[in-house]
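Shown here: target-v1.pdb, PDB, C-alpha atoms and all ligand atoms.
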```pdb
ATOM      1  CA  MET F1140      14.821 -58.153  65.184
ATOM      2  CA  LYS F1141      11.842 -58.110  67.575
ATOM      3  CA  ARG F1142      13.245 -55.013  69.263
ATOM      4  CA  THR F1143      13.642 -53.175  65.931
ATOM      5  CA  LEU F1144      10.046 -54.022  65.051
ATOM      6  CA  LEU F1145       8.870 -52.732  68.433
ATOM      7  CA  ILE F1146      10.795 -49.470  67.987
ATOM      8  CA  ILE F1147       9.285 -49.011  64.502
ATOM      9  CA  LEU F1148       5.784 -49.635  65.881
ATOM     10  CA  ILE F1149       6.291 -47.119  68.715
ATOM     11  CA  MET F1150       7.624 -44.523  66.278
ATOM     12  CA  LEU F1151       4.686 -45.122  63.910
ATOM     13  CA  SER F1152       2.136 -44.640  66.707
ATOM     14  CA  ILE F1153       3.883 -41.405  67.791
ATOM     15  CA  ILE F1154       3.702 -40.115  64.195
ATOM     16  CA  LEU F1155       0.001 -41.113  63.928
ATOM     17  CA  CYS F1156      -0.811 -39.358  67.226
ATOM     18  CA  ALA F1157       0.999 -36.260  66.051
ATOM     19  CA  CYS F1158      -1.005 -36.262  62.794
ATOM     20  CA  THR F1159      -4.329 -36.500  64.628
ATOM     21  CA  GLN F1160      -3.318 -33.710  66.972
ATOM     22  CA  THR F1161      -2.269 -31.485  64.104
ATOM     23  CA  ASN F1162      -5.604 -32.100  62.423
ATOM     24  CA  GLU F1163      -7.601 -31.246  65.529
ATOM     25  CA  GLU F1164      -5.333 -28.358  66.347
ATOM     26  CA  SER F1165      -5.839 -26.874  62.904
ATOM     27  CA  ILE F1166      -9.625 -27.048  63.384
ATOM     28  CA  ASN F1167      -9.508 -25.601  66.906
ATOM     29  CA  CYS F1168      -7.099 -22.955  65.761
ATOM     30  CA  SER F1169      -9.399 -21.992  62.929
ATOM     31  CA  LEU F1170     -12.339 -21.916  65.360
ATOM     32  CA  SER F1171     -10.708 -19.430  67.676
ATOM     33  CA  ASP F1172      -9.226 -17.657  64.695
ATOM     34  CA  ASN F1173     -12.396 -16.154  63.290
ATOM     35  CA  SER F1174     -14.253 -19.045  61.705
ATOM     36  CA  LEU F1175     -17.738 -19.202  60.315
ATOM     37  CA  SER F1176     -19.552 -22.365  61.368
ATOM     38  CA  VAL F1177     -22.427 -23.798  59.378
ATOM     39  CA  HIS F1178     -24.588 -26.398  61.112
ATOM     40  CA  PHE F1179     -26.858 -28.613  59.043
ATOM     41  CA  ILE F1180     -29.135 -29.729  61.877
ATOM     42  CA  ASP F1181     -30.641 -33.186  61.442
ATOM     43  CA  VAL F1182     -34.403 -32.526  61.480
ATOM     44  CA  ALA F1183     -35.332 -35.746  59.630
ATOM     45  CA  GLN F1184     -37.458 -34.916  56.540
ATOM     46  CA  GLY F1185     -36.926 -31.160  56.501
ATOM     47  CA  ASP F1186     -34.295 -28.436  56.594
ATOM     48  CA  SER F1187     -32.686 -26.378  59.318
ATOM     49  CA  THR F1188     -29.325 -24.664  58.910
ATOM     50  CA  LEU F1189     -27.588 -22.493  61.470
ATOM     51  CA  LEU F1190     -24.762 -20.088  60.667
ATOM     52  CA  ILE F1191     -22.573 -18.565  63.367
ATOM     53  CA  SER F1192     -20.391 -15.776  62.026
ATOM     54  CA  PRO F1193     -16.814 -15.055  63.205
ATOM     55  CA  ASP F1194     -18.201 -12.150  65.249
ATOM     56  CA  ASN F1195     -20.798 -14.458  66.830
ATOM     57  CA  LYS F1196     -23.854 -13.314  64.912
ATOM     58  CA  THR F1197     -26.388 -16.024  64.126
ATOM     59  CA  MET F1198     -28.600 -16.827  61.178
ATOM     60  CA  LEU F1199     -31.098 -19.685  61.196
ATOM     61  CA  ILE F1200     -32.510 -20.850  57.877
ATOM     62  CA  ASP F1201     -35.683 -22.904  58.525
ATOM     63  CA  ALA F1202     -36.466 -24.997  61.600
ATOM     64  CA  GLY F1203     -37.747 -28.362  60.359
ATOM     65  CA  ASP F1204     -41.364 -29.461  60.777
ATOM     66  CA  ASN F1205     -43.631 -28.922  63.798
ATOM     67  CA  SER F1206     -42.181 -31.893  65.648
ATOM     68  CA  HIS F1207     -38.582 -30.618  65.292
ATOM     69  CA  GLY F1208     -38.869 -27.054  66.624
ATOM     70  CA  LYS F1209     -37.826 -28.343  70.049
ATOM     71  CA  LYS F1210     -34.739 -30.110  68.671
ATOM     72  CA  VAL F1211     -33.648 -26.891  66.930
ATOM     73  CA  VAL F1212     -34.191 -24.834  70.106
ATOM     74  CA  ASN F1213     -32.202 -27.377  72.166
ATOM     75  CA  TYR F1214     -29.407 -27.339  69.594
ATOM     76  CA  LEU F1215     -29.135 -23.542  69.804
ATOM     77  CA  ASN F1216     -29.366 -23.604  73.606
ATOM     78  CA  LYS F1217     -26.443 -26.038  73.797
ATOM     79  CA  LEU F1218     -24.383 -23.518  71.839
ATOM     80  CA  ASN F1219     -25.434 -20.857  74.353
ATOM     81  CA  ILE F1220     -27.145 -18.792  71.658
ATOM     82  CA  LYS F1221     -29.410 -16.094  73.095
ATOM     83  CA  LYS F1222     -30.409 -14.227  69.958
ATOM     84  CA  ILE F1223     -31.045 -15.154  66.327
ATOM     85  CA  ASP F1224     -29.901 -12.102  64.412
ATOM     86  CA  ILE F1225     -31.427 -13.242  61.133
ATOM     87  CA  LEU F1226     -34.234 -15.789  60.884
ATOM     88  CA  ILE F1227     -35.198 -17.109  57.451
ATOM     89  CA  GLY F1228     -38.268 -19.118  56.508
ATOM     90  CA  THR F1229     -37.381 -20.214  52.976
ATOM     91  CA  HIS F1230     -40.982 -21.014  51.941
ATOM     92  CA  PRO F1231     -44.283 -21.907  53.615
ATOM     93  CA  ASP F1232     -43.996 -25.725  53.515
ATOM     94  CA  ALA F1233     -44.297 -27.390  56.925
ATOM     95  CA  ASP F1234     -40.961 -29.251  56.712
ATOM     96  CA  HIS F1235     -39.209 -25.852  56.684
ATOM     97  CA  ILE F1236     -41.341 -23.475  58.745
ATOM     98  CA  GLY F1237     -43.110 -25.966  61.068
ATOM     99  CA  GLY F1238     -40.643 -25.380  63.906
ATOM    100  CA  LEU F1239     -40.342 -21.607  63.397
ATOM    101  CA  ASP F1240     -43.113 -20.615  65.849
ATOM    102  CA  TYR F1241     -41.383 -22.592  68.623
ATOM    103  CA  VAL F1242     -38.068 -20.929  67.744
ATOM    104  CA  ILE F1243     -39.645 -17.445  67.674
ATOM    105  CA  ASN F1244     -41.194 -18.082  71.104
ATOM    106  CA  HIS F1245     -37.819 -19.044  72.615
ATOM    107  CA  PHE F1246     -35.334 -16.503  71.238
ATOM    108  CA  ASP F1247     -34.856 -12.826  70.613
ATOM    109  CA  ILE F1248     -35.079 -12.373  66.861
ATOM    110  CA  GLY F1249     -33.452  -9.564  64.867
ATOM    111  CA  LEU F1250     -34.539  -9.683  61.233
ATOM    112  CA  PHE F1251     -37.211 -12.168  60.082
ATOM    113  CA  CYS F1252     -37.333 -12.863  56.340
ATOM    114  CA  MET F1253     -39.845 -14.869  54.319
ATOM    115  CA  PRO F1254     -40.797 -14.830  50.630
ATOM    116  CA  ASN F1255     -43.951 -12.999  49.613
ATOM    117  CA  LYS F1256     -46.065 -16.157  49.678
ATOM    118  CA  ALA F1257     -48.964 -16.987  51.958
ATOM    119  CA  HIS F1258     -50.250 -20.491  52.623
ATOM    120  CA  ASN F1259     -53.586 -21.633  54.004
ATOM    121  CA  THR F1260     -52.360 -24.010  56.705
ATOM    122  CA  ASN F1261     -52.389 -23.919  60.493
ATOM    123  CA  THR F1262     -48.595 -24.288  60.425
ATOM    124  CA  PHE F1263     -48.257 -21.078  58.394
ATOM    125  CA  LYS F1264     -50.818 -19.269  60.590
ATOM    126  CA  ASP F1265     -48.918 -20.364  63.730
ATOM    127  CA  VAL F1266     -45.754 -18.718  62.389
ATOM    128  CA  LEU F1267     -47.639 -15.499  61.631
ATOM    129  CA  SER F1268     -49.176 -15.362  65.107
ATOM    130  CA  ALA F1269     -45.872 -16.180  66.861
ATOM    131  CA  ALA F1270     -44.280 -13.254  64.969
ATOM    132  CA  LYS F1271     -47.236 -10.973  65.694
ATOM    133  CA  ASN F1272     -47.169 -11.771  69.416
ATOM    134  CA  LYS F1273     -43.549 -10.583  69.510
ATOM    135  CA  ASN F1274     -44.149  -7.532  67.309
ATOM    136  CA  LEU F1275     -41.773  -9.138  64.856
ATOM    137  CA  LYS F1276     -42.135  -7.744  61.361
ATOM    138  CA  ILE F1277     -41.855 -10.173  58.438
ATOM    139  CA  HIS F1278     -39.596  -8.780  55.719
ATOM    140  CA  LYS F1279     -40.916  -9.959  52.379
ATOM    141  CA  THR F1280     -37.754 -11.062  50.650
ATOM    142  CA  LYS F1281     -36.904 -11.772  46.997
ATOM    143  CA  SER F1282     -33.966 -12.014  44.631
ATOM    144  CA  GLY F1283     -31.699  -8.996  44.339
ATOM    145  CA  MET F1284     -31.846  -8.197  48.064
ATOM    146  CA  ASN F1285     -28.590  -8.255  50.032
ATOM    147  CA  PHE F1286     -27.816  -8.227  53.732
ATOM    148  CA  SER F1287     -24.897  -8.951  56.047
ATOM    149  CA  LEU F1288     -24.527 -11.356  58.930
ATOM    150  CA  GLY F1289     -22.278  -9.455  61.312
ATOM    151  CA  LYS F1290     -19.296  -7.666  59.847
ATOM    152  CA  PHE F1291     -17.941 -10.503  57.747
ATOM    153  CA  ILE F1292     -20.626 -12.573  56.023
ATOM    154  CA  LYS F1293     -22.295 -11.197  52.915
ATOM    155  CA  CYS F1294     -25.659 -12.693  51.989
ATOM    156  CA  ASN F1295     -27.230 -12.330  48.551
ATOM    157  CA  VAL F1296     -30.754 -13.466  47.818
ATOM    158  CA  LEU F1297     -30.793 -15.070  44.337
ATOM    159  CA  SER F1298     -34.317 -16.500  44.168
ATOM    160  CA  PRO F1299     -37.274 -16.216  43.694
ATOM    161  CA  THR F1300     -36.841 -13.837  40.782
ATOM    162  CA  LYS F1301     -40.642 -13.610  40.311
ATOM    163  CA  ASN F1302     -43.883 -14.604  42.015
ATOM    164  CA  TYR F1303     -45.034 -18.199  41.715
ATOM    165  CA  ASP F1304     -48.126 -20.024  42.991
ATOM    166  CA  ASN F1305     -46.182 -23.137  43.905
ATOM    167  CA  ASN F1306     -44.576 -23.051  47.378
ATOM    168  CA  ASN F1307     -41.277 -24.676  46.370
ATOM    169  CA  LEU F1308     -40.812 -22.210  43.520
ATOM    170  CA  CYS F1309     -41.048 -19.370  46.056
ATOM    171  CA  SER F1310     -38.062 -20.739  48.035
ATOM    172  CA  LEU F1311     -35.523 -18.150  49.069
ATOM    173  CA  VAL F1312     -32.099 -19.091  47.724
ATOM    174  CA  ILE F1313     -29.290 -17.414  49.650
ATOM    175  CA  LYS F1314     -25.608 -17.259  48.849
ATOM    176  CA  SER F1315     -23.489 -16.530  51.929
ATOM    177  CA  THR F1316     -19.883 -15.513  51.372
ATOM    178  CA  TYR F1317     -16.996 -15.308  53.826
ATOM    179  CA  LYS F1318     -13.808 -14.028  52.194
ATOM    180  CA  ASN F1319     -12.944 -16.571  49.446
ATOM    181  CA  LYS F1320     -15.560 -19.181  50.303
ATOM    182  CA  SER F1321     -19.279 -19.293  49.717
ATOM    183  CA  PHE F1322     -22.256 -21.434  50.614
ATOM    184  CA  LEU F1323     -25.430 -21.745  48.538
ATOM    185  CA  PHE F1324     -28.615 -22.495  50.509
ATOM    186  CA  THR F1325     -31.369 -23.478  48.120
ATOM    187  CA  GLY F1326     -34.437 -24.382  50.206
ATOM    188  CA  ASP F1327     -36.744 -26.424  47.964
ATOM    189  CA  ALA F1328     -35.947 -24.450  44.790
ATOM    190  CA  GLU F1329     -36.588 -26.428  41.615
ATOM    191  CA  PHE F1330     -35.449 -26.542  37.958
ATOM    192  CA  GLN F1331     -37.524 -23.456  37.106
ATOM    193  CA  ASN F1332     -35.728 -21.404  39.772
ATOM    194  CA  GLU F1333     -32.352 -22.740  38.670
ATOM    195  CA  GLN F1334     -33.116 -21.581  35.127
ATOM    196  CA  ASP F1335     -34.303 -18.196  36.426
ATOM    197  CA  MET F1336     -31.070 -17.720  38.399
ATOM    198  CA  ILE F1337     -28.914 -18.689  35.415
ATOM    199  CA  LYS F1338     -30.869 -16.270  33.181
ATOM    200  CA  SER F1339     -30.395 -13.518  35.781
ATOM    201  CA  ASN F1340     -26.648 -13.920  35.333
ATOM    202  CA  TYR F1341     -26.031 -14.314  39.044
ATOM    203  CA  ASN F1342     -22.640 -15.571  40.074
ATOM    204  CA  LEU F1343     -23.791 -18.966  41.317
ATOM    205  CA  GLU F1344     -20.321 -20.407  41.891
ATOM    206  CA  SER F1345     -20.194 -21.683  45.471
ATOM    207  CA  ASP F1346     -17.894 -23.996  47.406
ATOM    208  CA  ILE F1347     -20.707 -25.650  49.335
ATOM    209  CA  LEU F1348     -24.116 -26.507  47.874
ATOM    210  CA  LYS F1349     -27.037 -27.348  50.150
ATOM    211  CA  VAL F1350     -28.708 -29.490  47.487
ATOM    212  CA  GLY F1351     -32.200 -28.238  46.572
ATOM    213  CA  HIS F1352     -35.398 -29.943  47.756
ATOM    214  CA  HIS F1353     -33.703 -32.728  49.760
ATOM    215  CA  GLY F1354     -32.062 -34.112  46.603
ATOM    216  CA  SER F1355     -35.376 -34.524  44.762
ATOM    217  CA  SER F1356     -35.328 -35.350  41.030
ATOM    218  CA  SER F1357     -37.074 -32.017  40.303
ATOM    219  CA  SER F1358     -34.026 -30.008  41.454
ATOM    220  CA  THR F1359     -30.296 -29.879  40.680
ATOM    221  CA  SER F1360     -30.144 -29.823  36.896
ATOM    222  CA  GLU F1361     -26.751 -30.614  35.389
ATOM    223  CA  ASN F1362     -26.603 -27.116  33.947
ATOM    224  CA  PHE F1363     -27.141 -25.586  37.379
ATOM    225  CA  LEU F1364     -24.569 -27.861  39.030
ATOM    226  CA  LEU F1365     -22.014 -26.846  36.407
ATOM    227  CA  LYS F1366     -22.653 -23.174  37.227
ATOM    228  CA  VAL F1367     -22.396 -23.694  40.995
ATOM    229  CA  LYS F1368     -19.321 -25.959  40.713
ATOM    230  CA  PRO F1369     -19.452 -26.997  44.377
ATOM    231  CA  ASP F1370     -16.545 -28.705  46.143
ATOM    232  CA  ILE F1371     -18.955 -30.224  48.663
ATOM    233  CA  ALA F1372     -22.686 -31.037  48.575
ATOM    234  CA  VAL F1373     -25.012 -31.464  51.555
ATOM    235  CA  ILE F1374     -28.412 -33.184  51.508
ATOM    236  CA  SER F1375     -30.894 -32.857  54.368
ATOM    237  CA  CYS F1376     -33.553 -35.593  54.513
ATOM    238  CA  LYS F1377     -34.956 -38.432  56.608
ATOM    239  CA  CYS F1378     -33.697 -42.006  56.337
ATOM    240  CA  ASN F1379     -36.094 -44.040  54.128
ATOM    241  CA  ASN F1380     -38.478 -41.106  53.640
ATOM    242  CA  LYS F1381     -41.703 -41.619  51.692
ATOM    243  CA  TYR F1382     -40.602 -39.219  48.937
ATOM    244  CA  HIS F1383     -37.569 -41.373  48.097
ATOM    245  CA  HIS F1384     -35.243 -38.401  48.631
ATOM    246  CA  PRO F1385     -32.528 -38.087  47.565
ATOM    247  CA  SER F1386     -33.259 -39.317  44.044
ATOM    248  CA  GLU F1387     -30.929 -41.707  42.253
ATOM    249  CA  LYS F1388     -30.719 -39.117  39.497
ATOM    250  CA  THR F1389     -29.312 -36.423  41.796
ATOM    251  CA  LEU F1390     -26.912 -38.871  43.441
ATOM    252  CA  ALA F1391     -25.697 -40.045  40.027
ATOM    253  CA  LEU F1392     -25.051 -36.450  38.998
ATOM    254  CA  LEU F1393     -23.008 -35.730  42.142
ATOM    255  CA  ARG F1394     -21.089 -38.967  41.590
ATOM    256  CA  LYS F1395     -20.442 -38.060  37.933
ATOM    257  CA  TYR F1396     -18.631 -34.889  39.045
ATOM    258  CA  ASN F1397     -16.965 -36.544  42.081
ATOM    259  CA  ILE F1398     -18.553 -34.103  44.496
ATOM    260  CA  PRO F1399     -18.069 -35.235  48.115
ATOM    261  CA  LEU F1400     -21.446 -35.541  49.803
ATOM    262  CA  TYR F1401     -22.697 -35.087  53.369
ATOM    263  CA  ARG F1402     -26.161 -36.382  54.307
ATOM    264  CA  THR F1403     -28.102 -35.753  57.511
ATOM    265  CA  ASP F1404     -30.051 -39.026  57.098
ATOM    266  CA  LYS F1405     -26.797 -41.004  57.172
ATOM    267  CA  GLN F1406     -24.598 -38.786  59.363
ATOM    268  CA  GLY F1407     -26.889 -36.805  61.684
ATOM    269  CA  ASP F1408     -25.977 -33.166  62.401
ATOM    270  CA  ILE F1409     -23.203 -31.931  60.132
ATOM    271  CA  VAL F1410     -20.999 -28.961  60.971
ATOM    272  CA  LEU F1411     -18.672 -27.304  58.492
ATOM    273  CA  PHE F1412     -16.157 -24.684  59.639
ATOM    274  CA  CYS F1413     -14.749 -22.085  57.305
ATOM    275  CA  ASP F1414     -11.887 -19.666  57.945
ATOM    276  CA  GLY F1415     -12.577 -17.861  54.676
ATOM    277  CA  TYR F1416     -10.039 -19.930  52.724
ATOM    278  CA  LYS F1417     -10.576 -23.541  53.781
ATOM    279  CA  ILE F1418     -13.460 -25.731  54.892
ATOM    280  CA  PHE F1419     -13.054 -28.099  57.870
ATOM    281  CA  SER F1420     -15.275 -30.752  59.402
ATOM    282  CA  TYR F1421     -14.966 -33.375  62.117
ATOM    283  CA  LYS F1422     -16.947 -35.742  59.890
ATOM    284  CA  LYS F1423     -15.822 -37.145  56.579
ATOM    285  CA  PRO F1424     -18.047 -36.898  53.512
ATOM    286  CA  LEU F1425     -19.591 -40.085  52.154
ATOM    287  CA  THR F1426     -17.814 -41.972  49.451
ATOM    288  CA  ILE F1427     -20.694 -44.256  48.496
ATOM    289  CA  TYR F1428     -23.580 -42.449  46.812
ATOM    290  CA  ARG F1429     -26.423 -44.851  47.423
ATOM    291  CA  ARG F1430     -30.041 -44.231  48.430
TER     292      ARG F1430
HETATM  293 ZN    ZN N1501     -38.709 -29.391  51.908
END
```
Please rewrite the model in this file as structure tokens.
Ligand SMILES: [Zn+2]
Amino acid sequence: MKRTLLIILIMLSIILCACTQTNEESINCSLSDNSLSVHFIDVAQGDSTLLISPDNKTMLIDAGDNSHGKKVVNYLNKLNIKKIDILIGTHPDADHIGGLDYVINHFDIGLFCMPNKAHNTNTFKDVLSAAKNKNLKIHKTKSGMNFSLGKFIKCNVLSPTKNYDNNNLCSLVIKSTYKNKSFLFTGDAEFQNEQDMIKSNYNLESDILKVGHHGSSSSTSENFLLKVKPDIAVISCKCNNKYHHPSEKTLALLRKYNIPLYRTDKQGDIVLFCDGYKIFSYKKPLTIYRR
């Protein structure tokens, strides 16, 4: 009897090992087999997202605040990145562009895109002078513009559709598509922008939603979420931040539609891999949607 039990236990552990291997193998296989990787870098209260295309082109969207530029540079260095092909500053708030000057000083930059919105802060001026010192032109970007990251990733700018005085409302919203899968990066876009995008009849449907404005209650309307229909949501914010991000309201909405959620404040850096048909990650999404 004891012997039978032992044999069953050994067989079970062999099966379990095999399952884990298959899982890891499928991720590694997809990595070598032309995957896009999307890195939500943990920059505390801020945003910084890195995309590496299957043909090794790189796009960095934001670089956290002034104190996190170094973390972003170190993160890219560890991945042996020498050039940022496309650099995006979604809008002039410090928690998005604060680290950009440090990034610009440390890498070759291809295209540098920002919305047509100036801001009277030293942080914003630092970004302008870092770009100027490198003869880097800032491409004033708005909805309707399209570009490609390498040969495979299509990027469509969906917002802002008009000029606004408020920084958040000027956020660049970018939909990046690789074959059958797409990612929606929303910066700090708010309800007004969501309405604008819906009115513009853009195809908002995306598999992954980087939730707008760190999950604030002024973003992610139900109407917008129903248009995007994400399979996975990602929130970037600091643990116990003073803004109380993400809001209970946004979390309740994600829970209502059973959308698996990743959070940098709870899980640190988050990397999603996409082979154009499936999304993989070494981390599991959260199941408890609590502040
Ligand atoms: Zn922000």
Hey, can you check how far atom CA of F:Asp1327 sits from atom CA of F:Val1312?
8.7 Å
Determine, counting only C-alpha atoms, which protein, DNA and RNA residues have an atom within 6 Å of an atom of F:Ser1355; residues of the same chain fewer than 2 positions away are not included. Present the result as a list in words.
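So, after excluding close chain neighbours, the residues are His1352, His1353, Ser1357, Ser1358, His1384, Pro1385 and Ser1386 of chain F.
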Please return as an MDAnalysis selection string the residues found within 8 Å of ligand ZN 1501 (chain N), counting all atoms listed in the file.
chainID F and resid 1184:1186 1232:1235 1307 1326:1327 1352:1353
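Interatomic distance, atom CA of F:Val1177 to atom CA of F:His1230: 20.2 Å.
Summary of the local environment: counting only C-alpha atoms, residues at most 12 Å from F:His1207, other than itself and those fewer than 2 positions away along its chain, are Ile1180, Asp1181, Val1182, Ala1183, Gln1184, Gly1185, Asp1186, Ser1187, Asp1201, Ala1202, Gly1203, Asp1204, Asn1205, Lys1209, Lys1210, Val1211, Val1212, Asn1213, Tyr1214, Ala1233, Asp1234, His1235, Ile1236, Gly1237, Gly1238, Leu1239, Asp1240, Tyr1241 and Val1242 of chain F.
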Take the PyMOL selection byres (((chain F and resi 1221) around 10) and not hetatm), run it mentally on this structure, and tell me the resulting residues as number ranges by chain.
F: 1197, 1215-1216, 1218-1220, 1222-1224, 1245-1248
Report, in Å to a single decimal, how far apart atom CA of F:Phe1251 and atom CA of F:Lys1349 are.
20.8 Å
Considering all atoms listed in the file, state which residue in the set F:Thr1260, F:Ser1282, F:Asn1340, F:Thr1316 is at the smallest distance from F:Leu1190.
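Going through F:Thr1260, F:Ser1282, F:Asn1340, F:Thr1316 one by one, the smallest distance to F:Leu1190 is for F:Thr1316.
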Contact residues around F:Val1350 with only C-alpha atoms at 8 Å, ignoring same-chain residues under 4 positions, as an mmCIF file with C-alpha atoms, keeping the file's coordinate frame:
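File around_18.cif, as written:
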```
data_model
loop_
_atom_site.group_PDB
_atom_site.id
_atom_site.type_symbol
_atom_site.label_atom_id
_atom_site.label_comp_id
_atom_site.auth_asym_id
_atom_site.auth_seq_id
_atom_site.Cartn_x
_atom_site.Cartn_y
_atom_site.Cartn_z
ATOM 1 C CA PHE F 1324 -28.615 -22.495 50.509
ATOM 2 C CA THR F 1325 -31.369 -23.478 48.120
ATOM 3 C CA GLY F 1354 -32.062 -34.112 46.603
ATOM 4 C CA THR F 1359 -30.296 -29.879 40.680
ATOM 5 C CA ALA F 1372 -22.686 -31.037 48.575
ATOM 6 C CA VAL F 1373 -25.012 -31.464 51.555
ATOM 7 C CA ILE F 1374 -28.412 -33.184 51.508
ATOM 8 C CA SER F 1375 -30.894 -32.857 54.368
#
```
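With distances taken over all atoms listed in the file, F:Pro1231 is the one residue among F:Lys1422, F:Ile1371, F:Pro1231, F:Ile1243 lying closest to F:Lys1264.
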If the box runs along x, y and z of the file and leaves 8 Å on each side of stretch 1216-1235 of chain F, what are its centre and edge lengths in Å, one decimal, as JSON?
```
{"center_x": -34.3, "center_y": -20.7, "center_z": 63.1, "size_x": 35.9, "size_y": 33.1, "size_z": 38.4}
```
Neighbours of F:Asn1362 within 9 Å (all atoms listed in the file; same-chain residues fewer than 6 positions away dropped), as number ranges by chain?
F: 1333-1334, 1337
Non-local contacts of F:Ile1227 (8 Å; only C-alpha atoms; under 6 positions in same chain excluded) as a list in words:
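Final neighbour list, sorted by chain and number: Met1198, Leu1199, Ile1200, Asp1201, Phe1251, Cys1252 and Met1253 of chain F.
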Let me make sure I understand: among F:Tyr1382, F:Phe1363, F:Tyr1428, F:Phe1330, which one has the smallest atom-to-atom distance to F:Arg1394 if we use all atoms listed in the file?
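For F:Arg1394, the nearest of the given residues is F:Tyr1428.
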Check the smallest atom-to-atom distance from each of F:Phe1419, F:Asp1414, F:Lys1338, F:Lys1314 to F:Val1367 using only C-alpha atoms, then report the winner.
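Among the listed residues, F:Lys1314 lies closest to F:Val1367.
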